[in-house]
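Undergrad: So here's start08.txt (compact mmCIF, C-alpha atoms and all ligand atoms).
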# COMPACT_ATOMS: atom_id res chain seq x y z
CA MET A 9 -31.35 13.77 -1.74
CA ARG A 10 -27.96 12.61 -0.47
CA ILE A 11 -25.73 15.67 -0.51
CA ALA A 12 -22.00 15.50 0.28
CA ILE A 13 -19.37 18.19 0.67
CA TYR A 14 -15.83 17.63 -0.58
CA PRO A 15 -13.72 20.29 1.16
CA GLY A 16 -10.08 21.15 0.63
CA SER A 17 -7.57 23.84 -0.17
CA PHE A 18 -7.37 22.76 -3.84
CA ASP A 19 -4.26 24.86 -4.53
CA PRO A 20 -4.76 23.76 -7.28
CA ILE A 21 -7.17 20.86 -7.76
CA THR A 22 -5.21 17.81 -9.00
CA ASN A 23 -6.01 14.55 -10.75
CA GLY A 24 -5.91 12.96 -7.27
CA HIS A 25 -8.80 15.18 -6.16
CA MET A 26 -10.58 14.56 -9.48
CA ASP A 27 -10.40 10.79 -8.93
CA ILE A 28 -12.03 11.12 -5.49
CA LEU A 29 -14.61 13.54 -6.90
CA ARG A 30 -15.51 11.22 -9.80
CA ARG A 31 -16.12 8.33 -7.42
CA ALA A 32 -18.02 10.50 -4.91
CA SER A 33 -20.25 11.89 -7.66
CA LYS A 34 -21.43 8.33 -8.34
CA ALA A 35 -22.09 7.61 -4.67
CA PHE A 36 -24.08 10.77 -3.90
CA ASP A 37 -26.94 12.66 -5.57
CA GLU A 38 -25.07 15.93 -5.29
CA VAL A 39 -21.49 16.84 -4.37
CA ILE A 40 -20.35 20.33 -3.44
CA LEU A 41 -16.65 20.80 -4.10
CA LEU A 42 -15.87 23.30 -1.38
CA LEU A 43 -12.86 25.56 -1.28
CA ALA A 44 -12.51 25.82 2.50
CA VAL A 45 -9.63 28.07 3.42
CA ASN A 46 -8.66 30.97 5.57
CA PRO A 47 -8.37 33.89 3.09
CA SER A 48 -5.38 35.32 4.96
CA LYS A 49 -3.33 32.17 4.29
CA LYS A 50 -1.34 32.70 1.14
CA GLY A 51 -1.13 29.88 -1.34
CA ASN A 52 0.21 29.48 -4.85
CA PHE A 53 -3.08 30.39 -6.55
CA SER A 54 -5.47 33.03 -5.19
CA ILE A 55 -8.95 32.09 -3.99
CA SER A 56 -10.53 33.38 -7.20
CA GLU A 57 -7.98 31.60 -9.40
CA ARG A 58 -8.59 28.32 -7.54
CA LEU A 59 -12.36 28.69 -7.88
CA GLU A 60 -12.11 29.37 -11.59
CA ILE A 61 -9.89 26.30 -12.10
CA MET A 62 -12.29 24.16 -10.03
CA LYS A 63 -15.39 25.39 -11.91
CA LYS A 64 -13.91 24.50 -15.29
CA ALA A 65 -12.71 21.12 -13.96
CA VAL A 66 -16.19 20.06 -12.80
CA GLU A 67 -17.95 20.90 -16.07
CA GLU A 68 -17.86 17.17 -16.93
CA PHE A 69 -20.16 16.35 -13.97
CA ASP A 70 -23.84 17.22 -13.86
CA ASN A 71 -24.20 16.80 -10.08
CA VAL A 72 -21.16 18.71 -8.82
CA LYS A 73 -21.17 22.37 -7.73
CA VAL A 74 -18.27 24.56 -6.61
CA ASP A 75 -18.42 26.92 -3.63
CA PHE A 76 -16.22 28.73 -1.10
CA THR A 77 -16.27 29.12 2.67
CA SER A 78 -13.90 30.79 5.11
CA GLY A 79 -15.74 29.11 7.99
CA LEU A 80 -16.07 25.57 9.29
CA THR A 81 -16.92 22.87 6.75
CA VAL A 82 -19.43 21.26 9.13
CA ALA A 83 -21.26 24.58 9.54
CA TYR A 84 -21.40 24.92 5.76
CA ALA A 85 -22.62 21.31 5.46
CA LYS A 86 -25.46 21.85 7.92
CA GLU A 87 -26.54 25.06 6.20
CA HIS A 88 -26.64 23.25 2.85
CA HIS A 89 -28.42 20.13 4.17
CA ALA A 90 -25.43 17.89 3.51
CA ALA A 91 -25.03 14.95 5.91
CA PHE A 92 -21.66 13.77 4.60
CA VAL A 93 -18.17 15.19 4.26
CA ILE A 94 -15.83 13.45 1.83
CA ARG A 95 -12.08 13.18 2.26
CA GLY A 96 -9.41 11.26 0.41
CA LEU A 97 -6.78 9.03 1.99
CA ARG A 98 -3.40 8.55 0.42
CA ALA A 99 -0.76 6.99 2.66
CA VAL A 100 -0.86 6.20 6.37
CA THR A 101 0.52 9.70 6.85
CA ASP A 102 -2.90 11.12 5.89
CA PHE A 103 -4.65 8.90 8.43
CA GLU A 104 -3.55 10.61 11.63
CA PHE A 105 -4.60 14.07 10.45
CA GLU A 106 -7.90 12.86 8.97
CA PHE A 107 -8.70 10.86 12.12
CA GLN A 108 -8.27 13.96 14.25
CA LEU A 109 -10.22 16.14 11.82
CA ALA A 110 -13.09 13.63 11.76
CA ALA A 111 -13.24 13.61 15.57
CA ALA A 112 -13.23 17.42 15.66
CA ASN A 113 -16.01 17.59 13.08
CA ARG A 114 -18.12 15.08 14.96
CA TYR A 115 -17.61 17.06 18.15
CA VAL A 116 -19.01 20.16 16.42
CA ASP A 117 -21.87 18.31 14.72
CA PRO A 118 -22.49 14.59 15.40
CA ASN A 119 -25.13 14.47 12.65
CA ILE A 120 -22.57 14.94 9.93
CA ASP A 121 -20.41 11.95 9.05
CA MET A 122 -17.12 11.75 7.20
CA VAL A 123 -16.75 9.38 4.26
CA PHE A 124 -13.29 8.35 3.05
CA PHE A 125 -12.21 7.24 -0.38
CA MET A 126 -8.87 5.51 -0.82
CA ALA A 127 -6.59 7.15 -3.36
CA GLY A 128 -6.35 5.43 -6.72
CA LYS A 129 -2.99 3.78 -7.45
CA GLU A 130 -2.25 6.03 -10.43
CA THR A 131 -2.94 9.24 -8.50
CA SER A 132 -2.00 8.42 -4.91
CA PHE A 133 1.38 10.18 -5.14
CA ILE A 134 -0.11 13.51 -6.30
CA SER A 135 -0.34 16.48 -3.95
CA SER A 136 -0.93 20.14 -4.80
CA SER A 137 2.32 21.17 -3.11
CA MET A 138 4.33 18.61 -5.09
CA VAL A 139 2.72 19.74 -8.37
CA ASN A 140 3.42 23.39 -7.50
CA GLU A 141 7.06 22.57 -6.81
CA LEU A 142 7.42 20.75 -10.14
CA ALA A 143 5.62 23.49 -12.08
CA LYS A 144 7.67 26.24 -10.44
CA ASN A 145 10.78 24.52 -11.73
CA GLY A 146 9.51 24.35 -15.27
CA ALA A 147 8.17 20.76 -15.38
CA ASP A 148 5.24 19.79 -17.57
CA VAL A 149 2.59 18.80 -15.00
CA SER A 150 -0.25 18.46 -17.52
CA GLY A 151 -0.55 14.76 -16.65
CA LEU A 152 -1.11 15.49 -12.95
CA VAL A 153 -3.83 18.18 -13.00
CA PRO A 154 -7.02 18.90 -14.94
CA ALA A 155 -6.61 21.02 -18.10
CA SER A 156 -7.90 24.18 -16.40
CA ALA A 157 -5.08 24.02 -13.80
CA TRP A 158 -2.42 23.38 -16.42
CA GLU A 159 -3.69 26.40 -18.39
CA ALA A 160 -3.45 28.50 -15.22
CA TYR A 161 0.20 27.47 -14.75
CA LEU A 162 0.94 28.35 -18.38
CA ALA A 163 -0.76 31.75 -17.98
CA LYS A 164 1.37 32.46 -14.88
CA ARG A 165 4.56 31.64 -16.80
CA LYS A 166 3.89 34.28 -19.44
P1 LIG A 201 -6.56 20.06 2.82
O1 LIG A 201 -5.67 21.24 3.03
O2 LIG A 201 -7.93 20.24 3.42
O3 LIG A 201 -5.94 18.72 3.18
P2 LIG A 201 -6.22 19.33 0.03
O4 LIG A 201 -6.68 20.12 -1.16
O5 LIG A 201 -4.76 19.11 0.18
O6 LIG A 201 -6.85 20.08 1.26
O7 LIG A 201 -6.93 17.91 0.03
C1 LIG A 201 -8.31 17.76 0.15
C2 LIG A 201 -8.64 16.29 0.39
O8 LIG A 201 -8.25 15.51 -0.74
C3 LIG A 201 -7.90 15.67 1.59
O9 LIG A 201 -8.77 14.73 2.22
C4 LIG A 201 -6.74 14.95 0.96
O10 LIG A 201 -6.30 13.85 1.75
C5 LIG A 201 -7.37 14.47 -0.33
N1 LIG A 201 -6.37 14.26 -1.38
C6 LIG A 201 -5.40 15.11 -1.77
N2 LIG A 201 -4.66 14.58 -2.77
C7 LIG A 201 -5.18 13.35 -3.01
C8 LIG A 201 -4.83 12.28 -3.91
N3 LIG A 201 -3.79 12.37 -4.74
N4 LIG A 201 -5.59 11.17 -3.88
C9 LIG A 201 -6.62 11.07 -3.00
N5 LIG A 201 -7.00 12.02 -2.13
C10 LIG A 201 -6.27 13.15 -2.12
Would you mind writing the structure in this file as structure tokens?
TA:
Amino acid sequence: MRIAIYPGSFDPITNGHMDILRRASKAFDEVILLLAVNPSKKGNFSISERLEIMKKAVEEFDNVKVDFTSGLTVAYAKEHHAAFVIRGLRAVTDFEFEFQLAAANRYVDPNIDMVFFMAGKETSFISSSMVNELAKNGADVSGLVPASAWEAYLAKRK
């Protein structure tokens, strides 16, 4: 079994993340979409809101699970017998951070490797923070996020 972890803050999960996830789900036997955040860091959506949005969004896949960790992704990966960590790359600006993160992860556990998927051209401009900014100002972001996230924005507006 080739198991991969796809970690992130997913605040909320966007169509950019979904594109990476769709491609990763074809490359691996099982993918764990992992909400990996420090619970004391405040985001737009709470941890439980993000998890609920993520769970509904992955219903279309039969080999994707959703989980949460407040610890290191590599520690989680080892515990769950996953040898790969997936990340997405948008512009060159992502590269520097991801390069450093990959080196740090390999320092902690050299048996776990990072696998990168290039952002799709339709979704490469999407980030959770940009979607949050648009939504906060009343924009219809239903074309940028999965239905479960759009419903969560609508529920917050009420
Ligand atoms: P983090 O805080 O760990 O960067 P994010 O939820 O912002 O968490 O992103 C998780 C991963 O998904 C990162 O590797 C990021 O580069 C990637 N990613 C985010 N948005 C996109 C997108 N639109 N297309 C491709 N990859 C993306």
Undergrad: Which residue, A:Lys129, A:Lys86, A:Lys34, A:Arg58, has the smallest gap to Asp19 (chain A) when you use only C-alpha atoms?
TA: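 With only C-alpha atoms as the atom set, the closest residue is A:Arg58.
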Undergrad: Counting all atoms listed in the file, figure out which residue out of A:Thr131, A:Asn52, A:Thr22, A:Ser137 gets nearest to Ala65 (chain A).
TA: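 Going through A:Thr131, A:Asn52, A:Thr22, A:Ser137 one by one, the smallest distance to Ala65 (chain A) is for A:Thr22.
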Undergrad: Once 5 Å is added on each side, what centre and edge lengths in Å to one decimal does the axis-aligned box around all listed atoms of region 85-94 of chain A have, as AutoDock Vina command-line options?
TA:
--center_x -22.1 --center_y 19.3 --center_z 4.9 --size_x 22.6 --size_y 21.6 --size_z 16.1
Undergrad: Within 10 Å of ligand LIG 201 (chain A), which residues of chain A come that close, and what is the closest atom pair and distance in Å for each? Count only C-alpha atoms and all ligand atoms and give it as a Markdown table.
TA:
| residue | atom | partner | partner_atom | distance |
| --- | --- | --- | --- | --- |
| A:Tyr14 | CA | A:LIG201 | C2 | 7.4 |
| A:Pro15 | CA | A:LIG201 | C1 | 6.1 |
| A:Gly16 | CA | A:LIG201 | O6 | 3.5 |
| A:Ser17 | CA | A:LIG201 | O4 | 4.0 |
| A:Phe18 | CA | A:LIG201 | O4 | 3.8 |
| A:Asp19 | CA | A:LIG201 | O4 | 6.3 |
| A:Pro20 | CA | A:LIG201 | O4 | 7.4 |
| A:Ile21 | CA | A:LIG201 | O4 | 6.7 |
| A:Thr22 | CA | A:LIG201 | N2 | 7.0 |
| A:Asn23 | CA | A:LIG201 | N3 | 6.8 |
| A:Gly24 | CA | A:LIG201 | N3 | 3.4 |
| A:His25 | CA | A:LIG201 | C7 | 5.1 |
| A:Met26 | CA | A:LIG201 | N4 | 8.2 |
| A:Asp27 | CA | A:LIG201 | N4 | 7.0 |
| A:Ile28 | CA | A:LIG201 | C9 | 6.0 |
| A:Leu29 | CA | A:LIG201 | O8 | 9.1 |
| A:Leu41 | CA | A:LIG201 | C1 | 9.8 |
| A:Leu42 | CA | A:LIG201 | C1 | 9.5 |
| A:Leu43 | CA | A:LIG201 | O4 | 8.2 |
| A:Ala44 | CA | A:LIG201 | O2 | 7.3 |
| A:Val45 | CA | A:LIG201 | O1 | 7.9 |
| A:Thr81 | CA | A:LIG201 | O2 | 9.9 |
| A:Val93 | CA | A:LIG201 | O9 | 9.6 |
| A:Ile94 | CA | A:LIG201 | O9 | 7.2 |
| A:Arg95 | CA | A:LIG201 | O9 | 3.7 |
| A:Gly96 | CA | A:LIG201 | N5 | 3.6 |
| A:Leu97 | CA | A:LIG201 | O10 | 4.8 |
| A:Arg98 | CA | A:LIG201 | C9 | 5.3 |
| A:Ala99 | CA | A:LIG201 | O10 | 8.9 |
| A:Thr101 | CA | A:LIG201 | O10 | 9.5 |
| A:Asp102 | CA | A:LIG201 | O10 | 6.0 |
| A:Phe103 | CA | A:LIG201 | O10 | 8.5 |
| A:Phe105 | CA | A:LIG201 | O3 | 8.7 |
| A:Glu106 | CA | A:LIG201 | O9 | 7.1 |
| A:Leu109 | CA | A:LIG201 | O2 | 9.6 |
| A:Val123 | CA | A:LIG201 | O9 | 9.8 |
| A:Phe124 | CA | A:LIG201 | O9 | 7.9 |
| A:Phe125 | CA | A:LIG201 | C9 | 7.3 |
| A:Met126 | CA | A:LIG201 | C9 | 6.4 |
| A:Ala127 | CA | A:LIG201 | C9 | 3.9 |
| A:Gly128 | CA | A:LIG201 | N4 | 6.4 |
| A:Lys129 | CA | A:LIG201 | N4 | 8.6 |
| A:Glu130 | CA | A:LIG201 | N3 | 8.7 |
| A:Thr131 | CA | A:LIG201 | N3 | 5.0 |
| A:Ser132 | CA | A:LIG201 | N3 | 4.3 |
| A:Phe133 | CA | A:LIG201 | N3 | 5.6 |
| A:Ile134 | CA | A:LIG201 | N3 | 4.2 |
| A:Ser135 | CA | A:LIG201 | N2 | 4.9 |
| A:Ser136 | CA | A:LIG201 | O5 | 6.4 |
| A:Ser137 | CA | A:LIG201 | O5 | 8.1 |
| A:Leu152 | CA | A:LIG201 | N3 | 9.2 |
Undergrad: If you measure from CA of Lys50 (chain A) to CA of Thr77 (chain A), what distance in Å do you get, rounded to one decimal?
TA: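 That distance, rounded to one decimal, is 15.4 Å.
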